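Student: Handing over run07.cif, mmCIF, C-alpha atoms.
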```
data_run
loop_
_atom_site.label_atom_id
_atom_site.label_comp_id
_atom_site.auth_asym_id
_atom_site.auth_seq_id
_atom_site.Cartn_x
_atom_site.Cartn_y
_atom_site.Cartn_z
CA GLU A 1 -24.19 20.35 15.70
CA ALA A 2 -23.16 20.50 12.07
CA ALA A 3 -25.97 19.71 9.64
CA VAL A 4 -25.40 18.64 6.07
CA THR A 5 -28.43 17.36 4.22
CA GLN A 6 -28.23 15.48 0.94
CA SER A 7 -31.07 14.76 -1.43
CA PRO A 8 -32.15 12.38 -2.73
CA ARG A 9 -30.87 9.62 -0.44
CA SER A 10 -31.01 7.17 -3.30
CA LYS A 11 -31.66 7.39 -7.00
CA VAL A 12 -31.89 5.13 -9.99
CA ALA A 13 -30.98 6.79 -13.26
CA VAL A 14 -30.82 5.67 -16.87
CA THR A 15 -27.65 5.77 -18.89
CA GLY A 16 -27.40 9.06 -20.75
CA GLY A 17 -29.83 10.84 -18.48
CA LYS A 18 -29.16 13.91 -16.39
CA VAL A 19 -28.78 13.57 -12.63
CA THR A 20 -28.58 16.33 -10.04
CA LEU A 21 -27.51 15.62 -6.49
CA SER A 22 -28.20 18.35 -3.97
CA CYS A 23 -26.48 19.30 -0.74
CA HIS A 24 -27.60 21.87 1.83
CA GLN A 25 -25.66 22.92 4.92
CA THR A 26 -26.77 25.03 7.84
CA ASN A 27 -23.30 25.38 9.38
CA ASN A 28 -22.30 28.65 7.80
CA HIS A 29 -19.18 26.91 6.48
CA ASP A 30 -17.24 28.34 3.57
CA TYR A 31 -15.86 25.06 2.23
CA MET A 32 -17.96 22.38 0.61
CA TYR A 33 -16.92 19.13 -1.04
CA TRP A 34 -18.32 16.33 -3.17
CA TYR A 35 -16.76 12.90 -2.75
CA ARG A 36 -17.47 9.61 -4.40
CA GLN A 37 -17.16 6.32 -2.52
CA ASP A 38 -16.51 3.04 -4.28
CA THR A 39 -15.72 -0.21 -2.58
CA GLY A 40 -11.98 -0.50 -2.06
CA HIS A 41 -11.24 3.07 -3.13
CA GLY A 42 -12.14 5.05 -0.07
CA LEU A 43 -13.40 8.52 -0.91
CA ARG A 44 -12.27 10.39 -3.98
CA LEU A 45 -12.72 14.12 -4.39
CA ILE A 46 -14.83 15.20 -7.37
CA HIS A 47 -15.33 18.95 -6.90
CA TYR A 48 -15.03 21.43 -4.08
CA SER A 49 -15.80 25.06 -3.38
CA TYR A 50 -14.51 27.62 -0.94
CA VAL A 51 -16.91 30.44 -1.81
CA ALA A 52 -20.32 30.87 -3.39
CA ASP A 53 -20.40 31.12 -7.18
CA SER A 54 -17.05 29.39 -7.49
CA THR A 55 -16.13 25.72 -7.82
CA GLU A 56 -12.86 23.87 -8.26
CA LYS A 57 -11.99 20.51 -9.78
CA GLY A 58 -10.92 17.74 -7.49
CA ASP A 59 -9.11 14.55 -8.41
CA ILE A 60 -11.81 12.91 -10.56
CA PRO A 61 -13.92 15.71 -12.12
CA ASP A 62 -14.50 14.16 -15.54
CA GLY A 63 -18.18 13.59 -16.22
CA TYR A 64 -19.28 15.83 -13.34
CA LYS A 65 -20.16 19.48 -12.96
CA ALA A 66 -20.68 21.36 -9.74
CA SER A 67 -22.67 24.43 -8.82
CA ARG A 68 -22.48 26.59 -5.68
CA PRO A 69 -25.24 29.20 -6.02
CA SER A 70 -25.10 30.17 -2.35
CA GLN A 71 -23.01 29.43 0.72
CA GLU A 72 -25.59 26.88 1.86
CA ASN A 73 -26.10 24.93 -1.36
CA PHE A 74 -23.74 22.81 -3.45
CA SER A 75 -24.97 20.59 -6.28
CA LEU A 76 -23.32 17.85 -8.28
CA ILE A 77 -24.55 17.41 -11.84
CA LEU A 78 -24.09 14.42 -14.09
CA GLU A 79 -25.09 15.67 -17.55
CA LEU A 80 -24.87 12.24 -19.21
CA ALA A 81 -24.94 9.56 -16.56
CA SER A 82 -22.90 6.44 -17.25
CA LEU A 83 -22.74 3.00 -15.68
CA SER A 84 -19.33 3.81 -14.20
CA GLN A 85 -20.88 6.58 -12.13
CA THR A 86 -22.80 4.13 -9.99
CA ALA A 87 -21.50 4.84 -6.48
CA VAL A 88 -22.31 6.47 -3.17
CA TYR A 89 -21.83 10.23 -3.19
CA PHE A 90 -21.02 12.24 -0.10
CA CYS A 91 -21.23 15.95 0.41
CA ALA A 92 -19.27 17.61 3.19
CA SER A 93 -18.80 21.08 4.58
CA SER A 94 -15.89 22.48 6.54
CA PRO A 95 -15.12 25.68 8.38
CA SER A 96 -11.39 25.44 7.89
CA GLN A 97 -10.35 22.80 5.32
CA ASN A 98 -9.49 20.48 8.18
CA THR A 99 -12.48 18.89 9.83
CA LEU A 100 -15.15 17.79 7.40
CA TYR A 101 -18.81 17.35 8.32
CA PHE A 102 -20.49 14.81 6.10
CA GLY A 103 -24.00 14.27 4.89
CA ALA A 104 -25.55 10.80 5.01
CA GLY A 105 -24.78 10.10 1.36
CA THR A 106 -26.70 9.49 -1.87
CA ARG A 107 -26.68 6.02 -3.36
CA LEU A 108 -26.80 6.39 -7.15
CA SER A 109 -27.44 3.46 -9.44
CA VAL A 110 -27.11 4.04 -13.18
CA LEU A 111 -28.77 1.36 -15.29
CA GLY B 1 -0.06 14.77 -5.40
CA GLU B 2 -0.52 13.31 -1.97
CA GLN B 3 -1.12 9.57 -1.81
CA VAL B 4 -2.39 7.71 1.22
CA GLU B 5 -2.25 3.97 1.81
CA GLN B 6 -4.25 2.41 4.60
CA ARG B 7 -3.98 -1.06 6.06
CA PRO B 8 -5.34 -3.51 6.84
CA PRO B 9 -8.49 -3.43 4.70
CA HIS B 10 -10.22 -5.80 7.12
CA LEU B 11 -9.59 -6.33 10.82
CA SER B 12 -11.34 -8.70 13.17
CA VAL B 13 -10.71 -8.63 16.93
CA ARG B 14 -12.37 -9.93 20.07
CA GLU B 15 -14.02 -7.62 22.57
CA GLY B 16 -11.41 -6.14 24.91
CA ASP B 17 -8.56 -6.53 22.44
CA SER B 18 -6.80 -3.61 20.81
CA ALA B 19 -7.15 -2.80 17.13
CA ILE B 20 -4.49 -0.90 15.20
CA ILE B 21 -4.97 0.75 11.83
CA ILE B 22 -2.08 2.34 9.94
CA CYS B 23 -1.85 4.90 7.17
CA THR B 24 1.22 6.01 5.28
CA TYR B 25 1.39 9.20 3.26
CA THR B 26 3.83 10.62 0.74
CA ASP B 27 3.91 14.40 1.14
CA SER B 28 6.18 15.57 3.94
CA ALA B 29 4.36 18.93 3.90
CA THR B 30 1.15 17.27 5.11
CA ALA B 31 -0.14 19.46 7.89
CA TYR B 32 -3.33 17.95 9.29
CA PHE B 33 -4.28 14.38 10.05
CA SER B 34 -7.68 12.96 10.93
CA TRP B 35 -9.48 9.71 11.59
CA TYR B 36 -13.10 9.20 10.67
CA LYS B 37 -15.60 6.46 11.48
CA GLN B 38 -18.35 5.35 9.11
CA GLU B 39 -21.18 3.24 10.43
CA ALA B 40 -23.42 1.28 8.11
CA GLY B 41 -25.54 3.48 5.86
CA ALA B 42 -24.18 6.71 7.28
CA GLY B 43 -21.70 9.42 6.46
CA LEU B 44 -18.28 9.77 8.03
CA GLN B 45 -17.89 11.20 11.50
CA LEU B 46 -14.70 12.71 12.86
CA LEU B 47 -13.02 10.72 15.63
CA MET B 48 -9.84 12.67 16.22
CA SER B 49 -7.52 15.10 14.50
CA VAL B 50 -3.91 16.11 15.06
CA LEU B 51 -1.68 18.79 13.66
CA SER B 52 1.73 17.91 12.31
CA ASN B 53 3.44 19.15 15.48
CA VAL B 54 1.73 16.49 17.61
CA ASP B 55 3.24 13.01 17.99
CA ARG B 56 0.61 11.42 20.17
CA LYS B 57 -2.95 12.15 21.20
CA GLU B 58 -5.28 10.12 23.37
CA GLU B 59 -9.02 10.53 23.81
CA GLN B 60 -11.67 8.18 25.15
CA GLY B 61 -9.95 4.89 24.42
CA LEU B 62 -8.42 6.06 21.15
CA THR B 63 -4.73 6.78 20.56
CA VAL B 64 -3.40 8.50 17.48
CA LEU B 65 0.33 8.31 16.78
CA LEU B 66 2.10 10.38 14.16
CA ASN B 67 5.58 9.43 12.97
CA LYS B 68 6.64 12.18 10.61
CA LYS B 69 10.00 10.60 9.85
CA ASP B 70 8.32 7.48 8.46
CA LYS B 71 5.25 9.40 7.25
CA ARG B 72 3.01 7.06 9.21
CA LEU B 73 -0.20 7.71 11.08
CA SER B 74 -1.85 5.11 13.28
CA LEU B 75 -5.08 4.71 15.20
CA ASN B 76 -5.19 2.39 18.17
CA LEU B 77 -8.54 1.41 19.66
CA THR B 78 -7.70 0.09 23.11
CA ALA B 79 -10.18 -2.39 24.58
CA ALA B 80 -12.44 -2.48 21.53
CA HIS B 81 -16.13 -3.27 22.00
CA PRO B 82 -18.79 -4.39 19.49
CA GLY B 83 -20.04 -0.82 19.11
CA ASP B 84 -16.70 0.03 17.54
CA SER B 85 -17.50 -2.17 14.55
CA ALA B 86 -17.47 0.16 11.54
CA VAL B 87 -15.28 1.33 8.68
CA TYR B 88 -12.44 3.64 9.67
CA PHE B 89 -10.73 6.13 7.37
CA CYS B 90 -7.64 8.22 7.77
CA ALA B 91 -7.56 11.61 6.07
CA VAL B 92 -4.72 14.02 5.46
CA ARG B 93 -4.45 17.57 4.21
CA THR B 94 -1.37 19.29 2.85
CA GLY B 95 -1.31 23.00 2.14
CA GLY B 96 -4.31 23.32 -0.11
CA TYR B 97 -8.02 22.77 0.15
CA LYS B 98 -8.00 19.09 -0.65
CA VAL B 99 -8.40 16.38 1.94
CA VAL B 100 -7.21 12.96 0.79
CA PHE B 101 -8.68 9.82 2.35
CA GLY B 102 -7.29 6.34 2.82
CA SER B 103 -9.17 3.39 1.37
CA GLY B 104 -10.73 2.39 4.68
CA THR B 105 -10.48 -0.44 7.21
CA ARG B 106 -13.53 -2.52 8.03
CA LEU B 107 -13.29 -3.38 11.74
CA LEU B 108 -15.35 -6.15 13.27
CA VAL B 109 -15.34 -6.56 17.04
CA SER B 110 -16.91 -9.80 18.20
CA PRO B 111 -18.18 -10.47 21.75
#
```
Could you quickly redo this structure as structure tokens?

Tutor:
Amino acid sequence: EAAVTQSPRSKVAVTGGKVTLSCHQTNNHDYMYWYRQDTGHGLRLIHYSYVADSTEKGDIPDGYKASRPSQENFSLILELASLSQTAVYFCASSPSQNTLYFGAGTRLSVL
Amino acid sequence: GEQVEQRPPHLSVREGDSAIIICTYTDSATAYFSWYKQEAGAGLQLLMSVLSNVDRKEEQGLTVLLNKKDKRLSLNLTAAHPGDSAVYFCAVRTGGYKVVFGSGTRLLVSP
């Protein structure tokens, strides 16, 4: 079964601080995604990647950077965390752009 | 870009009743349609997917209908039970790498 592991599962950060969310997949999938979930907004795509060492902007990339150093690992970086970035973040992998396999999510609170 | 609207945001049914969730999309080139289920504190799990050349698909008490003329996708849970209580999301993909999600429907099935 597909395995996508996110760390940490929850984090409290201070405004202006740097936050790194990590995602590791053991599925040998080429595609990886970072989504943000806010109440009433469903999931919104932040960044995605279809190959190691390359990332693409999604629909809401401002304030976020992404890094894909290997096929297995995909990180989301908030260089200067802001209150508005409080949300639940989901990482997903996919073999074919169609079916996504999600991690359990990271709950980020920026204070 | 593609926009997806999902309704209703909340749905409450009694055990044994059917529950219907509807999504409408804007891009007629949309090629792949999925429904995901999110249980409390967890990531999203795929329920069912259909390609654009499929009008109807049934699996294990779930029916997905695709009306391409009206750009409408529906999920019907026949004979819902309390274990079906969760948040349900539709997801669509057009020709690129991006998968766009609806805003979610919180389903509550009471005994």

Student: I'd like a table as a Markdown table: residues in chain A with an atom no more than 12 Å from chain B, each row giving the shortest atom pair and its distance in Å to one decimal, all atoms listed in the file counted, sorted by chain and rising residue number.

Tutor:
```
| residue | atom | partner | partner_atom | distance |
| --- | --- | --- | --- | --- |
| A:Glu1 | CA | B:Gln45 | CA | 11.9 |
| A:Ala2 | CA | B:Gln45 | CA | 10.7 |
| A:Ala3 | CA | B:Gly43 | CA | 11.6 |
| A:Val4 | CA | B:Gly43 | CA | 9.9 |
| A:Thr5 | CA | B:Gly43 | CA | 10.6 |
| A:Gln6 | CA | B:Gly43 | CA | 10.5 |
| A:Arg9 | CA | B:Gly41 | CA | 10.3 |
| A:Ser10 | CA | B:Gly41 | CA | 11.3 |
| A:Asp30 | CA | B:Tyr97 | CA | 11.3 |
| A:Tyr31 | CA | B:Tyr97 | CA | 8.4 |
| A:Met32 | CA | B:Tyr97 | CA | 10.0 |
| A:Tyr33 | CA | B:Lys98 | CA | 8.9 |
| A:Trp34 | CA | B:Lys98 | CA | 11.0 |
| A:Tyr35 | CA | B:Phe101 | CA | 10.0 |
| A:Arg36 | CA | B:Phe101 | CA | 11.1 |
| A:Gln37 | CA | B:Ser103 | CA | 9.4 |
| A:Asp38 | CA | B:Ser103 | CA | 9.3 |
| A:Thr39 | CA | B:Ser103 | CA | 8.5 |
| A:Gly40 | CA | B:Ser103 | CA | 5.9 |
| A:His41 | CA | B:Ser103 | CA | 5.0 |
| A:Gly42 | CA | B:Ser103 | CA | 3.7 |
| A:Leu43 | CA | B:Phe101 | CA | 5.9 |
| A:Arg44 | CA | B:Phe101 | CA | 7.3 |
| A:Leu45 | CA | B:Val100 | CA | 7.7 |
| A:Ile46 | CA | B:Lys98 | CA | 10.3 |
| A:His47 | CA | B:Lys98 | CA | 9.6 |
| A:Tyr48 | CA | B:Lys98 | CA | 8.2 |
| A:Ser49 | CA | B:Tyr97 | CA | 8.8 |
| A:Tyr50 | CA | B:Tyr97 | CA | 8.2 |
| A:Val51 | CA | B:Tyr97 | CA | 11.9 |
| A:Thr55 | CA | B:Tyr97 | CA | 11.7 |
| A:Glu56 | CA | B:Tyr97 | CA | 9.8 |
| A:Lys57 | CA | B:Lys98 | CA | 10.1 |
| A:Gly58 | CA | B:Lys98 | CA | 7.6 |
| A:Asp59 | CA | B:Lys98 | CA | 9.1 |
| A:Val88 | CA | B:Gly41 | CA | 10.0 |
| A:Tyr89 | CA | B:Gly43 | CA | 9.7 |
| A:Phe90 | CA | B:Gly43 | CA | 7.2 |
| A:Cys91 | CA | B:Gly43 | CA | 8.9 |
| A:Ala92 | CA | B:Gly43 | CA | 9.1 |
| A:Ser93 | CA | B:Val99 | CA | 11.7 |
| A:Ser94 | CA | B:Tyr97 | CA | 10.1 |
| A:Pro95 | CA | B:Tyr97 | CA | 11.3 |
| A:Ser96 | CA | B:Tyr97 | CA | 8.9 |
| A:Gln97 | CA | B:Tyr97 | CA | 5.7 |
| A:Asn98 | CA | B:Tyr32 | CA | 6.8 |
| A:Thr99 | CA | B:Leu46 | CA | 7.2 |
| A:Leu100 | CA | B:Leu46 | CA | 7.5 |
| A:Tyr101 | CA | B:Gln45 | CA | 7.0 |
| A:Phe102 | CA | B:Gly43 | CA | 5.5 |
| A:Gly103 | CA | B:Gly43 | CA | 5.6 |
| A:Ala104 | CA | B:Gly43 | CA | 4.3 |
| A:Gly105 | CA | B:Gly43 | CA | 6.0 |
| A:Thr106 | CA | B:Gly43 | CA | 9.7 |
| A:Arg107 | CA | B:Gly41 | CA | 9.6 |
```

Student: Could you give me, as a ChimeraX atom specification, the residues within 6 Å of region 68-75 of chain A, counting all atoms listed in the file and dropping anything in the same chain fewer than 6 positions from it?

Tutor: /A:21-25,52-53

Student: What does the distance between CA of Leu108 (chain B) and CA of Leu11 (chain B) come to in Å, to one decimal place?

Tutor: 6.3 Å

Student: Quick one: which residues end up in the PyMOL selection byres ((chain B and resi 75-87) around 6) for this structure, as a ChimeraX atom specification?

Tutor: /B:15-21,37-39,61-64,74,88,105-110

Student: Select, from B:Leu47, B:Arg7, B:Thr30, B:Ala40, the residue with the minimum atom-to-atom distance to Asn67 (chain B), counting only C-alpha atoms.

Tutor: B:Thr30

Student: Which residues are close to Ser82 (chain A), i.e. within 7 Å by only C-alpha atoms, leaving aside same-chain residues fewer than 4 positions away? Reply as a tab-separated table (two decimals) with C-alpha atoms, in the coordinates of the input.

Tutor:
```tsv
chain	number	residue	atom	x	y	z
A	15	THR	CA	-27.65	5.77	-18.89
A	16	GLY	CA	-27.40	9.06	-20.75
A	110	VAL	CA	-27.11	4.04	-13.18
```

Student: Using all atoms listed in the file, which protein or nucleic acid residues come within 8 Å of Ile77 (chain A)? Drop anything in the same chain fewer than 2 positions from it, and give the result as a ChimeraX atom specification.

Tutor: /A:18-21,64-67,75,79

Student: Would you save the residues from that selection as an mmCIF file, in the frame of the given file, using C-alpha atoms?

Tutor:
```cif
data_model
loop_
_atom_site.group_PDB
_atom_site.id
_atom_site.type_symbol
_atom_site.label_atom_id
_atom_site.label_comp_id
_atom_site.auth_asym_id
_atom_site.auth_seq_id
_atom_site.Cartn_x
_atom_site.Cartn_y
_atom_site.Cartn_z
ATOM 1 C CA LYS A 18 -29.160 13.910 -16.390
ATOM 2 C CA VAL A 19 -28.780 13.570 -12.630
ATOM 3 C CA THR A 20 -28.580 16.330 -10.040
ATOM 4 C CA LEU A 21 -27.510 15.620 -6.490
ATOM 5 C CA TYR A 64 -19.280 15.830 -13.340
ATOM 6 C CA LYS A 65 -20.160 19.480 -12.960
ATOM 7 C CA ALA A 66 -20.680 21.360 -9.740
ATOM 8 C CA SER A 67 -22.670 24.430 -8.820
ATOM 9 C CA SER A 75 -24.970 20.590 -6.280
ATOM 10 C CA GLU A 79 -25.090 15.670 -17.550
#
```

Student: Quick one: which residues end up in the PyMOL selection byres ((chain A and resi 84) around 10) for this structure, as a compact mmCIF listing (two decimals) with C-alpha atoms, in the coordinates of the input?

Tutor:
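Listing of part.txt after writing:
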```txt
# COMPACT_ATOMS: atom_id res chain seq x y z
CA THR A 15 -27.65 5.77 -18.89
CA ALA A 81 -24.94 9.56 -16.56
CA SER A 82 -22.90 6.44 -17.25
CA LEU A 83 -22.74 3.00 -15.68
CA GLN A 85 -20.88 6.58 -12.13
CA THR A 86 -22.80 4.13 -9.99
CA ALA A 87 -21.50 4.84 -6.48
CA SER A 109 -27.44 3.46 -9.44
CA VAL A 110 -27.11 4.04 -13.18
CA LEU A 111 -28.77 1.36 -15.29
```

Student: When you draw a straight line from CA of Ser28 (chain B) to CA of Glu59 (chain B), how long is it in Å?

Tutor: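 So the two atoms, CA of Ser28 (chain B) and CA of Glu59 (chain B), lie 25.5 Å apart.
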
Student: Interatomic distance between CA of Val12 (chain A) and CA of Leu108 (chain A)?

Tutor: 6.0 Å

Student: Excluding Thr24 (chain B) and any residue of its chain fewer than 5 positions from it, enumerate the residues within 7 Å of it, using all atoms listed in the file, and give them as a PyMOL selection string.

Tutor: chain B and resi 4-6+71-73

Student: Which centre and edge lengths in Å to one decimal define the box along x, y and z that fits every listed atom of region 11-14 of chain A plus 4 Å per side, as lines of an AutoDock Vina configuration file?

Tutor:
```
center_x = -31.4
center_y = 6.3
center_z = -11.9
size_x = 9.1
size_y = 10.3
size_z = 17.9
```

Student: Can I get region 39-56 of chain B with N, CA, C and O atoms filled in, as a CSV table (one decimal), in the coordinates of the input?

Tutor:
```
chain,number,residue,atom,x,y,z
B,39,GLU,N,-20.3,4.3,10.1
B,39,GLU,CA,-21.2,3.2,10.4
B,39,GLU,C,-22.1,2.9,9.2
B,39,GLU,O,-22.2,3.8,8.3
B,40,ALA,N,-22.7,1.8,9.3
B,40,ALA,CA,-23.4,1.3,8.1
B,40,ALA,C,-24.5,2.3,7.7
B,40,ALA,O,-25.3,2.7,8.5
B,41,GLY,N,-24.5,2.6,6.4
B,41,GLY,CA,-25.5,3.5,5.9
B,41,GLY,C,-25.4,4.9,6.2
B,41,GLY,O,-26.4,5.7,6.0
B,42,ALA,N,-24.3,5.3,6.8
B,42,ALA,CA,-24.2,6.7,7.3
B,42,ALA,C,-23.0,7.4,6.7
B,42,ALA,O,-22.1,6.7,6.0
B,43,GLY,N,-22.9,8.7,6.9
B,43,GLY,CA,-21.7,9.4,6.5
B,43,GLY,C,-20.6,9.2,7.4
B,43,GLY,O,-20.7,8.5,8.4
B,44,LEU,N,-19.5,9.9,7.2
B,44,LEU,CA,-18.3,9.8,8.0
B,44,LEU,C,-18.4,10.8,9.2
B,44,LEU,O,-18.8,11.9,9.0
B,45,GLN,N,-17.9,10.3,10.4
B,45,GLN,CA,-17.9,11.2,11.5
B,45,GLN,C,-16.5,11.3,12.0
B,45,GLN,O,-15.8,10.3,12.1
B,46,LEU,N,-16.1,12.5,12.4
B,46,LEU,CA,-14.7,12.7,12.9
B,46,LEU,C,-14.5,12.0,14.2
B,46,LEU,O,-15.3,12.2,15.1
B,47,LEU,N,-13.4,11.3,14.3
B,47,LEU,CA,-13.0,10.7,15.6
B,47,LEU,C,-12.0,11.6,16.3
B,47,LEU,O,-12.1,11.9,17.5
B,48,MET,N,-10.9,11.9,15.6
B,48,MET,CA,-9.8,12.7,16.2
B,48,MET,C,-9.0,13.3,15.1
B,48,MET,O,-8.8,12.7,14.0
B,49,SER,N,-8.4,14.4,15.4
B,49,SER,CA,-7.5,15.1,14.5
B,49,SER,C,-6.3,15.5,15.2
B,49,SER,O,-6.3,15.8,16.4
B,50,VAL,N,-5.2,15.6,14.5
B,50,VAL,CA,-3.9,16.1,15.1
B,50,VAL,C,-3.2,17.0,14.0
B,50,VAL,O,-3.3,16.7,12.8
B,51,LEU,N,-2.5,18.0,14.5
B,51,LEU,CA,-1.7,18.8,13.7
B,51,LEU,C,-0.3,18.1,13.5
B,51,LEU,O,0.0,17.2,14.3
B,52,SER,N,0.5,18.6,12.6
B,52,SER,CA,1.7,17.9,12.3
B,52,SER,C,2.8,18.1,13.4
B,52,SER,O,3.8,17.4,13.5
B,53,ASN,N,2.5,19.0,14.4
B,53,ASN,CA,3.4,19.2,15.5
B,53,ASN,C,3.1,18.3,16.7
B,53,ASN,O,3.7,18.5,17.8
B,54,VAL,N,2.2,17.4,16.5
B,54,VAL,CA,1.7,16.5,17.6
B,54,VAL,C,2.2,15.1,17.3
B,54,VAL,O,1.9,14.6,16.2
B,55,ASP,N,2.8,14.4,18.2
B,55,ASP,CA,3.2,13.0,18.0
B,55,ASP,C,2.2,12.0,18.5
B,55,ASP,O,2.2,10.9,18.0
B,56,ARG,N,1.5,12.4,19.5
B,56,ARG,CA,0.6,11.4,20.2
B,56,ARG,C,-0.6,12.2,20.8
B,56,ARG,O,-0.4,13.2,21.4
```
